[in-house]
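Dropping query.txt in here (compact mmCIF, C-alpha atoms):
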```
# COMPACT_ATOMS: atom_id res chain seq x y z
CA MET A 15 -5.78 6.86 34.90
CA ALA A 16 -3.77 6.62 38.09
CA ASP A 17 -5.01 3.09 38.70
CA LEU A 18 -4.25 1.67 35.27
CA SER A 19 -3.19 -1.92 35.85
CA LYS A 20 -0.44 -3.52 33.83
CA LYS A 21 -2.94 -5.96 32.43
CA ASP A 22 -5.32 -3.25 31.28
CA ALA A 23 -2.41 -1.29 29.86
CA LEU A 24 -1.31 -4.30 27.81
CA VAL A 25 -4.83 -4.88 26.48
CA GLN A 26 -5.13 -1.20 25.54
CA TYR A 27 -1.71 -1.17 23.98
CA ALA A 28 -2.16 -4.24 21.78
CA ALA A 29 -5.63 -3.06 20.72
CA GLN A 30 -4.39 0.43 19.95
CA ILE A 31 -1.64 -0.81 17.63
CA GLY A 32 -4.24 -3.06 16.04
CA ASP A 33 -6.57 -0.09 15.56
CA ASN A 34 -3.97 1.68 13.42
CA GLY A 35 -3.73 -1.36 11.15
CA LEU A 36 -7.45 -2.04 10.95
CA ILE A 37 -8.46 1.52 10.18
CA ILE A 38 -5.84 2.34 7.55
CA GLY A 39 -6.32 -1.15 6.11
CA HIS A 40 -10.06 -0.55 5.87
CA ARG A 41 -9.48 2.82 4.23
CA MET A 42 -7.20 1.24 1.65
CA SER A 43 -9.71 -1.53 1.00
CA GLU A 44 -12.16 1.20 -0.05
CA TRP A 45 -10.07 1.48 -3.24
CA CYS A 46 -11.22 -1.99 -4.26
CA PHE A 47 -12.71 -1.71 -7.81
CA ARG A 48 -11.74 1.97 -7.87
CA ALA A 49 -7.95 2.00 -8.22
CA PRO A 50 -6.45 3.63 -11.32
CA THR A 51 -5.05 0.36 -12.72
CA ILE A 52 -5.42 -3.31 -11.86
CA GLU A 53 -1.78 -3.41 -10.78
CA MET A 54 -2.33 -0.61 -8.27
CA GLU A 55 -5.51 -2.23 -7.05
CA MET A 56 -3.63 -5.44 -6.31
CA ALA A 57 -0.84 -3.49 -4.62
CA LEU A 58 -3.22 -1.60 -2.35
CA MET A 59 -5.31 -4.67 -1.52
CA ASN A 60 -2.22 -6.71 -0.67
CA SER A 61 -1.01 -4.01 1.69
CA ALA A 62 -4.49 -3.52 3.14
CA LEU A 63 -4.68 -7.22 3.91
CA ASP A 64 -1.24 -7.10 5.55
CA LEU A 65 -2.43 -4.30 7.82
CA ILE A 66 -5.75 -5.94 8.65
CA GLY A 67 -3.84 -9.16 9.36
CA GLN A 68 -1.65 -7.29 11.83
CA ALA A 69 -4.80 -5.97 13.51
CA ARG A 70 -6.19 -9.50 13.79
CA GLU A 71 -3.10 -10.76 15.58
CA LEU A 72 -3.00 -7.79 17.92
CA TYR A 73 -6.71 -8.00 18.72
CA SER A 74 -6.40 -11.72 19.39
CA TYR A 75 -3.54 -11.03 21.75
CA ALA A 76 -5.48 -8.23 23.44
CA ALA A 77 -8.44 -10.59 23.89
CA THR A 78 -6.20 -13.28 25.38
CA ALA A 79 -4.48 -10.81 27.71
CA GLN A 80 -7.87 -9.50 28.79
CA GLY A 81 -9.10 -12.99 29.67
CA GLU A 82 -12.82 -12.28 29.33
CA GLY A 83 -13.45 -14.77 26.56
CA LYS A 84 -13.60 -12.17 23.83
CA THR A 85 -12.18 -12.61 20.34
CA GLU A 86 -10.59 -10.44 17.68
CA ASP A 87 -14.08 -9.87 16.23
CA ASP A 88 -15.30 -8.24 19.44
CA PHE A 89 -12.52 -5.70 19.10
CA ALA A 90 -13.12 -4.99 15.42
CA TYR A 91 -16.89 -5.18 15.21
CA LEU A 92 -18.41 -4.56 18.61
CA ARG A 93 -16.58 -1.56 20.01
CA ASP A 94 -17.85 1.98 19.65
CA GLU A 95 -16.14 4.96 18.14
CA GLN A 96 -14.52 6.21 21.34
CA ASP A 97 -13.03 2.78 22.06
CA PHE A 98 -10.88 2.94 18.93
CA ARG A 99 -7.50 4.50 19.66
CA ASN A 100 -6.00 4.69 16.18
CA ALA A 101 -3.93 7.67 15.16
CA LEU A 102 -6.15 10.13 13.27
CA LEU A 103 -3.84 9.91 10.25
CA THR A 104 -5.10 6.39 9.58
CA GLU A 105 -8.76 7.43 9.34
CA VAL A 106 -8.64 10.48 7.07
CA PRO A 107 -10.54 9.93 3.81
CA ASN A 108 -8.76 8.44 0.81
CA GLY A 109 -9.05 11.63 -1.26
CA ASP A 110 -7.24 11.25 -4.57
CA TRP A 111 -4.47 8.78 -5.37
CA GLY A 112 -1.85 11.21 -4.07
CA ASP A 113 -3.64 11.65 -0.73
CA THR A 114 -3.80 7.88 -0.30
CA ILE A 115 -0.13 7.45 -1.19
CA VAL A 116 0.99 10.24 1.16
CA ARG A 117 -1.03 8.79 4.04
CA LEU A 118 0.42 5.33 3.41
CA PHE A 119 3.93 6.75 3.09
CA LEU A 120 3.81 8.83 6.29
CA MET A 121 2.35 5.86 8.15
CA SER A 122 4.77 3.33 6.64
CA VAL A 123 7.84 5.35 7.64
CA TYR A 124 6.41 5.32 11.16
CA ASN A 125 5.40 1.65 11.02
CA LYS A 126 8.84 0.53 9.93
CA LEU A 127 10.49 2.29 12.85
CA PHE A 128 7.76 1.22 15.22
CA PHE A 129 7.65 -2.50 14.40
CA SER A 130 11.41 -2.62 14.24
CA ALA A 131 11.45 -1.41 17.86
CA LEU A 132 8.49 -3.59 18.87
CA ALA A 133 10.43 -6.63 17.67
CA ASP A 134 12.72 -6.00 20.68
CA SER A 135 9.82 -5.85 23.16
CA LYS A 136 10.21 -7.79 26.40
CA ASP A 137 6.74 -9.17 25.67
CA ALA A 138 7.41 -12.22 23.50
CA GLU A 139 4.08 -12.09 21.68
CA LEU A 140 4.40 -8.41 20.78
CA ALA A 141 8.00 -9.01 19.72
CA ALA A 142 6.90 -11.81 17.38
CA ILE A 143 4.12 -9.68 15.89
CA GLY A 144 6.62 -6.84 15.49
CA ALA A 145 9.12 -9.02 13.64
CA LYS A 146 6.47 -10.40 11.27
CA SER A 147 4.86 -7.03 10.63
CA LEU A 148 8.21 -5.40 9.96
CA LYS A 149 8.63 -7.37 6.73
CA GLU A 150 5.21 -6.29 5.54
CA VAL A 151 5.55 -2.60 6.35
CA THR A 152 9.03 -2.54 4.79
CA TYR A 153 7.36 -3.35 1.50
CA HIS A 154 4.61 -0.76 2.07
CA LEU A 155 7.34 1.79 2.60
CA ARG A 156 9.14 0.76 -0.56
CA PHE A 157 5.95 0.91 -2.62
CA SER A 158 4.78 4.25 -1.24
CA SER A 159 8.27 5.81 -1.42
CA GLU A 160 8.57 4.99 -5.12
CA TRP A 161 5.18 6.58 -5.68
CA MET A 162 6.12 9.67 -3.64
CA ILE A 163 9.17 10.13 -5.85
CA ARG A 164 7.25 9.70 -9.09
CA LEU A 165 4.40 11.98 -8.08
CA GLY A 166 6.66 14.62 -6.54
CA ASP A 167 9.24 14.57 -9.32
CA GLY A 168 6.67 13.89 -12.04
CA THR A 169 4.68 16.60 -13.81
CA SER A 170 3.95 20.03 -12.34
CA GLU A 171 0.36 18.85 -11.85
CA SER A 172 1.38 15.75 -9.88
CA HIS A 173 4.01 17.71 -7.93
CA ASN A 174 1.59 20.44 -6.87
CA ARG A 175 -1.14 18.02 -5.95
CA VAL A 176 1.04 15.70 -3.89
CA GLN A 177 2.66 18.64 -2.12
CA LYS A 178 -0.84 19.80 -1.21
CA SER A 179 -1.64 16.31 0.11
CA VAL A 180 1.48 16.44 2.26
CA ASP A 181 0.61 19.91 3.56
CA ASN A 182 -2.94 18.81 4.39
CA LEU A 183 -1.98 15.61 6.20
CA TRP A 184 1.04 16.94 8.07
CA VAL A 185 -1.08 18.18 10.97
CA TYR A 186 -1.90 14.54 11.83
CA THR A 187 1.71 13.35 12.03
CA GLY A 188 2.54 14.82 15.45
CA GLU A 189 0.09 12.46 17.15
CA LEU A 190 2.13 9.42 16.11
CA PHE A 191 4.86 10.41 18.55
CA THR A 192 2.72 11.11 21.61
CA MET A 193 2.74 8.63 24.49
CA THR A 194 -0.43 7.36 26.16
CA ASP A 195 -0.59 6.42 29.86
CA ALA A 196 -0.58 2.76 28.86
CA GLU A 197 2.55 3.24 26.75
CA ASN A 198 4.34 5.09 29.53
CA LEU A 199 3.47 2.39 32.05
CA LEU A 200 4.56 -0.48 29.80
CA LEU A 201 7.73 1.33 28.80
CA LYS A 202 9.07 0.83 32.33
CA ASP A 203 9.03 -2.92 31.73
CA GLY A 204 10.48 -2.65 28.24
CA ILE A 205 7.20 -3.84 26.71
CA SER A 206 6.09 -0.78 24.77
CA VAL A 207 7.95 1.30 22.22
CA ASP A 208 9.14 4.77 23.14
CA VAL A 209 7.49 6.39 20.13
CA ALA A 210 8.59 9.89 21.12
CA ALA A 211 12.13 8.69 20.51
CA LEU A 212 11.29 7.63 16.93
CA LYS A 213 10.59 11.19 15.78
CA ALA A 214 14.15 12.12 14.79
CA ASP A 215 14.61 9.03 12.61
CA TRP A 216 11.16 9.53 11.15
CA ASN A 217 12.00 13.11 10.16
CA GLN A 218 15.24 11.98 8.61
CA ASN A 219 13.62 9.17 6.58
CA ILE A 220 10.88 11.50 5.39
CA ALA A 221 13.43 14.14 4.38
CA GLN A 222 15.45 11.63 2.34
CA VAL A 223 12.50 10.61 0.20
CA PHE A 224 11.17 14.16 -0.06
CA GLU A 225 14.51 15.32 -1.37
CA GLN A 226 14.37 12.77 -4.18
CA ALA A 227 10.72 13.64 -4.73
CA THR A 228 11.55 17.40 -4.84
CA LEU A 229 8.92 17.93 -2.15
CA THR A 230 9.09 20.39 0.72
CA VAL A 231 8.83 19.09 4.28
CA PRO A 232 6.25 21.26 6.06
CA ALA A 233 7.24 22.96 9.31
CA ASP A 234 6.04 21.18 12.44
CA GLY A 235 3.32 23.33 13.91
CA TRP A 236 0.20 22.64 15.87
CA ALA A 237 -0.63 18.94 15.86
CA GLN A 238 -4.15 17.52 15.78
CA LEU A 239 -4.46 15.00 18.60
CA GLY A 240 -7.35 13.00 19.98
CA GLY A 241 -7.67 9.56 18.42
CA LYS A 242 -4.80 7.82 20.10
CA ALA A 243 -5.12 9.21 23.62
CA ASP A 244 -8.84 9.76 24.01
CA GLY A 245 -10.75 8.07 21.19
CA VAL A 246 -11.89 11.47 19.95
CA HIS A 247 -12.00 11.07 16.19
CA THR A 248 -12.47 13.14 13.07
CA GLU A 249 -15.99 13.49 11.71
CA HIS A 250 -15.12 10.79 9.15
CA PHE A 251 -14.72 7.97 11.64
CA GLY A 252 -18.38 7.19 12.28
CA TYR A 253 -18.87 6.37 8.60
CA ILE A 254 -15.97 3.92 8.70
CA ILE A 255 -17.38 1.83 11.52
CA ALA A 256 -20.95 2.17 10.21
CA ASP A 257 -19.69 0.49 7.06
CA MET A 258 -17.29 -1.94 8.73
CA GLN A 259 -19.58 -3.06 11.57
CA TYR A 260 -22.85 -3.18 9.65
CA MET A 261 -23.07 -6.97 9.37
CA GLN A 262 -22.31 -7.69 13.03
CA ARG A 263 -24.68 -4.97 14.20
CA ARG A 264 -27.50 -6.04 11.89
CA TYR A 265 -27.02 -9.79 12.41
CA PRO A 266 -25.31 -10.17 15.81
CA GLY A 267 -23.06 -13.21 15.95
CA CYS A 268 -23.31 -13.88 12.23
CA GLU A 269 -20.57 -16.06 10.81
CA TRP A 270 -19.57 -17.20 7.37
CA MET B 7 6.20 14.27 -30.39
CA THR B 8 3.23 12.33 -29.13
CA GLU B 9 2.70 12.12 -25.41
CA GLU B 10 2.56 8.59 -23.98
CA LYS B 11 -0.72 8.21 -22.11
CA GLU B 12 -0.41 4.52 -21.34
CA TRP B 13 2.26 2.99 -19.17
CA PRO B 14 4.52 0.66 -21.16
CA LEU B 15 4.03 -3.08 -20.96
CA TRP B 16 6.51 -5.36 -19.17
CA GLU B 17 6.79 -9.14 -19.37
CA VAL B 18 7.13 -10.87 -16.02
CA PHE B 19 9.25 -13.95 -15.35
CA ILE B 20 9.13 -15.73 -12.00
CA ARG B 21 11.49 -18.30 -10.55
CA SER B 22 9.42 -20.49 -8.27
CA LYS B 23 12.32 -22.01 -6.35
CA ALA B 24 16.07 -22.23 -6.30
CA GLY B 25 17.48 -24.32 -9.14
CA LEU B 26 14.48 -23.85 -11.44
CA ASP B 27 14.28 -21.50 -14.41
CA HIS B 28 12.49 -18.20 -14.49
CA LYS B 29 9.21 -18.81 -16.27
CA HIS B 30 7.08 -16.31 -18.12
CA CYS B 31 3.90 -15.81 -16.15
CA GLY B 32 2.25 -12.70 -17.55
CA SER B 33 2.65 -8.98 -17.97
CA VAL B 34 2.06 -5.69 -16.16
CA HIS B 35 1.76 -2.06 -17.17
CA ALA B 36 4.20 0.22 -15.34
CA SER B 37 5.91 3.57 -15.79
CA ASP B 38 9.42 2.16 -15.35
CA ALA B 39 11.41 -0.91 -14.34
CA GLU B 40 11.21 -0.40 -10.58
CA MET B 41 7.45 0.06 -10.63
CA ALA B 42 7.12 -2.94 -12.95
CA MET B 43 9.07 -5.02 -10.43
CA GLU B 44 6.74 -3.99 -7.60
CA SER B 45 3.62 -4.61 -9.64
CA ALA B 46 4.94 -8.02 -10.67
CA ARG B 47 5.48 -8.80 -7.00
CA ASP B 48 1.97 -7.68 -6.11
CA VAL B 49 0.20 -9.37 -9.01
CA TYR B 50 2.15 -12.61 -9.47
CA THR B 51 3.73 -13.61 -6.14
CA ARG B 52 0.92 -13.04 -3.66
CA ARG B 53 0.42 -16.78 -3.14
CA SER B 54 4.12 -17.50 -2.58
CA GLU B 55 4.72 -18.34 -6.23
CA GLY B 56 8.22 -16.98 -6.41
CA ILE B 57 11.62 -16.25 -4.99
CA SER B 58 12.95 -14.16 -7.86
CA ILE B 59 11.42 -11.85 -10.46
CA TRP B 60 12.60 -10.60 -13.83
CA VAL B 61 10.77 -7.86 -15.67
CA VAL B 62 11.58 -7.13 -19.30
CA PRO B 63 10.16 -4.36 -21.50
CA SER B 64 7.76 -6.14 -23.84
CA ASN B 65 9.05 -4.17 -26.80
CA ALA B 66 12.56 -5.56 -26.16
CA ILE B 67 11.33 -9.02 -27.09
CA THR B 68 11.58 -10.09 -30.73
CA ALA B 69 8.94 -12.69 -31.38
CA SER B 70 8.40 -15.15 -34.20
CA LYS B 71 5.36 -14.50 -36.33
CA PRO B 72 2.40 -16.92 -36.20
CA GLU B 73 2.23 -16.94 -40.03
CA ASP B 74 5.81 -18.29 -40.18
CA LYS B 75 4.76 -21.41 -38.28
CA GLU B 76 4.85 -23.73 -41.31
CA SER B 77 8.34 -22.83 -42.41
CA LEU B 78 9.85 -22.48 -38.94
CA PHE B 79 8.45 -25.44 -37.05
CA GLU B 80 6.73 -28.00 -39.23
CA PRO B 81 9.91 -29.19 -40.98
CA ALA B 82 11.02 -30.66 -37.65
CA ASP B 83 7.87 -32.75 -37.23
CA ASP B 84 8.99 -35.73 -39.34
CA LYS B 85 12.59 -35.85 -38.13
CA ILE B 86 12.10 -38.29 -35.32
CA TYR B 87 15.76 -39.32 -35.56
CA ARG B 88 16.59 -36.02 -33.84
CA HIS B 89 15.19 -37.46 -30.63
CA PRO B 90 17.69 -39.60 -28.74
CA THR B 91 15.30 -42.56 -28.66
CA PHE B 92 17.35 -44.98 -30.77
CA TYR B 93 20.09 -45.71 -28.28
CA ASP B 94 20.22 -48.81 -26.10
CA ILE B 95 20.97 -47.74 -22.58
CA PRO B 96 23.67 -49.90 -20.95
CA GLN B 97 22.28 -51.81 -18.01
CA GLY B 98 24.85 -50.33 -15.65
CA ALA B 99 23.58 -46.80 -16.37
CA GLY B 100 20.31 -47.51 -14.58
CA LYS B 101 17.25 -45.36 -15.20
CA MET B 102 17.77 -42.26 -17.33
```
Would it be possible to restate this file's structure as structure tokens?
Amino acid sequence: MADLSKKDALVQYAAQIGDNGLIIGHRMSEWCFRAPTIEMEMALMNSALDLIGQARELYSYAATAQGEGKTEDDFAYLRDEQDFRNALLTEVPNGDWGDTIVRLFLMSVYNKLFFSALADSKDAELAAIGAKSLKEVTYHLRFSSEWMIRLGDGTSESHNRVQKSVDNLWVYTGELFTMTDAENLLLKDGISVDVAALKADWNQNIAQVFEQATLTVPADGWAQLGGKADGVHTEHFGYIIADMQYMQRRYPGCEW
Amino acid sequence: MTEEKEWPLWEVFIRSKAGLDHKHCGSVHASDAEMAMESARDVYTRRSEGISIWVVPSNAITASKPEDKESLFEPADDKIYRHPTFYDIPQGAGKM
């Protein structure tokens, strides 16, 4: 990676942020027709569409920066598994309602800090996407925080189950704060976000909600890495893109 | 004591823009006021319908009964003099 150009770094960076949005957005869209109530279905679909919308803007920008005539669709539908650099947290299966809420909550705390910082990027396009996305993820955080509190401080059943969800997903949180080569390179020009520096605020925000939710913050231990830096995914990822890319793979170039 | 299995119902009122009234637009089921507010936002303002939301517990609303319609409302039907349609508007007042 010694020869990573600034241009390639920018393409990778924009696409990688987009990957987080697309993959968690796709996961949330899997709740369509399956959510516990119509209100929760609407809530999840709204947020899913926010996240997929963020991915679209970031992919479009990556395509423009790349200058090879590609579009957002090439990034979403015609890349292979190892080309996706989303954090593994975004791709884990939906599980039960608590698992889905915990994943959205952990990610939304991160997203709020991240997009808030991206809004100050020296890259005007990324800054604009950051400012717009910040409003959306602020709501995702509000929604998921309220659910964390009600599940955690609800019945003993809901408390135990959501604590288990937290304990299971915690291993994927460390990856959010790792820096890729592209991020390190762009950081010198004030384009990328220093995500390692977001960890302290993230911990603090998590702890505040967990306290209200009577949940225990797990100890930071070994962190599962791979998606963000190397495109090495969990065994669940192949099924996501098989589902998501089916139409473009079966009918190349199809439009509607 | 019976355990509540269903979330209570909340009536949703949306103000579409500054200066207009909040208008009833529907209802949501939610465990409490804060969740009702969020559900109202997600269900009723996703196409930019509103700038302000009220949620009210449905059971806090006292409603007139349909069977009282004759005695409550029909007596007003033949009192057209209650409409201010019998006044001549002075020319200087312009259009009202």
Using only C-alpha atoms, determine which residues of chain A fall within 12 Å of chain B; present them as a PyMOL selection string.
chain A and resi 50-61+63-64+153-165+168
From the options B:Val62, B:Asp74, B:Pro14, B:Met43, which residue's atoms come nearest to His30 of chain B, counting only C-alpha atoms?
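Result for the nearest residue to His30 of chain B: B:Val62.
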Between atom CA of Leu15 of chain B and atom CA of Lys75 of chain B, distance in Å (one decimal):
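Going from atom CA of Leu15 of chain B over to atom CA of Lys75 of chain B, I get 25.2 Å.
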Using Å and a single decimal, report how far atom CA of Gln96 of chain A sits from atom CA of Val246 of chain A.
6.0 Å
Long-range neighbours of segment 21-29 of chain B as a VMD selection string, 10 Å cut-off, all atoms listed in the file, 2 positions minimum in chain
chain B and resid 18 to 19 31 to 32 51 54 to 60
With distances taken over all atoms listed in the file, which residue among A:Val223, A:Ala131, A:Ala28, A:Leu103 lies nearest Phe89 of chain A?
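Of all the options, A:Ala28 lies closest to Phe89 of chain A.
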Residue among B:Arg53, B:Pro81, B:Gly100, B:Ser64 lying closest to Trp13 of chain B, counting only C-alpha atoms:
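When distances to Trp13 of chain B are compared using only C-alpha atoms, the smallest one comes from B:Ser64.
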Using the file's own x, y and z axes, what box holds all listed atoms of segment 93-100 of chain B with 8 Å on each side, keeping edges along x, y and z, and what are its centre and edge lengths in Å to one decimal, as JSON?
```
{"center_x": 22.5, "center_y": -48.8, "center_z": -21.4, "size_x": 20.8, "size_y": 22.1, "size_z": 29.7}
```
Provide the atom CA of Glu189 of chain A to atom CA of Thr78 of chain A distance in Å, to one decimal place.
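Atom CA of Glu189 of chain A sits 27.7 Å away from atom CA of Thr78 of chain A.
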Might you pull out every residue within 12 Å of Thr85 of chain A, with all atoms listed in the file counted and same-chain residues fewer than 2 positions away left off, and present them as JSON, numbers by chain?
{"A": [29, 70, 71, 72, 73, 74, 75, 76, 77, 78, 79, 80, 81, 82, 83, 87, 88, 89, 90, 91, 92, 93, 267]}
What lies within 9 Å of segment 226-243 of chain A using all atoms listed in the file, ignoring chain neighbours under 4 positions off, as a PyMOL selection string?
chain A and resi 30+96+98-102+159-160+162-168+173+176-177+180-181+184-190+192-195+217+220-222+247-248
Counting only C-alpha atoms, which residues have an atom no more than 12 Å from (4.3, -4.9, 6.2) in the file's coordinates? Please list them as a PDB file with C-alpha atoms, keeping the file's coordinate frame.
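result32.pdb was written with the following content:
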```
ATOM      1  CA  GLY A  35      -3.730  -1.360  11.150  1.00  0.00           C
ATOM      2  CA  GLY A  39      -6.320  -1.150   6.110  1.00  0.00           C
ATOM      3  CA  LEU A  58      -3.220  -1.600  -2.350  1.00  0.00           C
ATOM      4  CA  ASN A  60      -2.220  -6.710  -0.670  1.00  0.00           C
ATOM      5  CA  SER A  61      -1.010  -4.010   1.690  1.00  0.00           C
ATOM      6  CA  ALA A  62      -4.490  -3.520   3.140  1.00  0.00           C
ATOM      7  CA  LEU A  63      -4.680  -7.220   3.910  1.00  0.00           C
ATOM      8  CA  ASP A  64      -1.240  -7.100   5.550  1.00  0.00           C
ATOM      9  CA  LEU A  65      -2.430  -4.300   7.820  1.00  0.00           C
ATOM     10  CA  ILE A  66      -5.750  -5.940   8.650  1.00  0.00           C
ATOM     11  CA  GLY A  67      -3.840  -9.160   9.360  1.00  0.00           C
ATOM     12  CA  GLN A  68      -1.650  -7.290  11.830  1.00  0.00           C
ATOM     13  CA  ALA A  69      -4.800  -5.970  13.510  1.00  0.00           C
ATOM     14  CA  LEU A 118       0.420   5.330   3.410  1.00  0.00           C
ATOM     15  CA  MET A 121       2.350   5.860   8.150  1.00  0.00           C
ATOM     16  CA  SER A 122       4.770   3.330   6.640  1.00  0.00           C
ATOM     17  CA  VAL A 123       7.840   5.350   7.640  1.00  0.00           C
ATOM     18  CA  TYR A 124       6.410   5.320  11.160  1.00  0.00           C
ATOM     19  CA  ASN A 125       5.400   1.650  11.020  1.00  0.00           C
ATOM     20  CA  LYS A 126       8.840   0.530   9.930  1.00  0.00           C
ATOM     21  CA  LEU A 127      10.490   2.290  12.850  1.00  0.00           C
ATOM     22  CA  PHE A 128       7.760   1.220  15.220  1.00  0.00           C
ATOM     23  CA  PHE A 129       7.650  -2.500  14.400  1.00  0.00           C
ATOM     24  CA  SER A 130      11.410  -2.620  14.240  1.00  0.00           C
ATOM     25  CA  ILE A 143       4.120  -9.680  15.890  1.00  0.00           C
ATOM     26  CA  GLY A 144       6.620  -6.840  15.490  1.00  0.00           C
ATOM     27  CA  ALA A 145       9.120  -9.020  13.640  1.00  0.00           C
ATOM     28  CA  LYS A 146       6.470 -10.400  11.270  1.00  0.00           C
ATOM     29  CA  SER A 147       4.860  -7.030  10.630  1.00  0.00           C
ATOM     30  CA  LEU A 148       8.210  -5.400   9.960  1.00  0.00           C
ATOM     31  CA  LYS A 149       8.630  -7.370   6.730  1.00  0.00           C
ATOM     32  CA  GLU A 150       5.210  -6.290   5.540  1.00  0.00           C
ATOM     33  CA  VAL A 151       5.550  -2.600   6.350  1.00  0.00           C
ATOM     34  CA  THR A 152       9.030  -2.540   4.790  1.00  0.00           C
ATOM     35  CA  TYR A 153       7.360  -3.350   1.500  1.00  0.00           C
ATOM     36  CA  HIS A 154       4.610  -0.760   2.070  1.00  0.00           C
ATOM     37  CA  LEU A 155       7.340   1.790   2.600  1.00  0.00           C
ATOM     38  CA  ARG A 156       9.140   0.760  -0.560  1.00  0.00           C
ATOM     39  CA  PHE A 157       5.950   0.910  -2.620  1.00  0.00           C
ATOM     40  CA  SER A 158       4.780   4.250  -1.240  1.00  0.00           C
TER      41      SER A 158
END
```
Write out as a PDB file with C-alpha atoms, in the coordinates of the input each polymer residue whose atoms come within 12 Å of Asp110 of chain A, counting only C-alpha atoms; drop sequence neighbours fewer than 2 positions from it.
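As a result, part32.pdb now contains:
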```
ATOM      1  CA  MET A  42      -7.200   1.240   1.650  1.00  0.00           C
ATOM      2  CA  TRP A  45     -10.070   1.480  -3.240  1.00  0.00           C
ATOM      3  CA  ARG A  48     -11.740   1.970  -7.870  1.00  0.00           C
ATOM      4  CA  ALA A  49      -7.950   2.000  -8.220  1.00  0.00           C
ATOM      5  CA  PRO A  50      -6.450   3.630 -11.320  1.00  0.00           C
ATOM      6  CA  VAL A 106      -8.640  10.480   7.070  1.00  0.00           C
ATOM      7  CA  PRO A 107     -10.540   9.930   3.810  1.00  0.00           C
ATOM      8  CA  ASN A 108      -8.760   8.440   0.810  1.00  0.00           C
ATOM      9  CA  GLY A 112      -1.850  11.210  -4.070  1.00  0.00           C
ATOM     10  CA  ASP A 113      -3.640  11.650  -0.730  1.00  0.00           C
ATOM     11  CA  THR A 114      -3.800   7.880  -0.300  1.00  0.00           C
ATOM     12  CA  ILE A 115      -0.130   7.450  -1.190  1.00  0.00           C
ATOM     13  CA  VAL A 116       0.990  10.240   1.160  1.00  0.00           C
ATOM     14  CA  ARG A 117      -1.030   8.790   4.040  1.00  0.00           C
ATOM     15  CA  SER A 172       1.380  15.750  -9.880  1.00  0.00           C
ATOM     16  CA  ARG A 175      -1.140  18.020  -5.950  1.00  0.00           C
ATOM     17  CA  VAL A 176       1.040  15.700  -3.890  1.00  0.00           C
ATOM     18  CA  LYS A 178      -0.840  19.800  -1.210  1.00  0.00           C
ATOM     19  CA  SER A 179      -1.640  16.310   0.110  1.00  0.00           C
TER      20      SER A 179
END
```
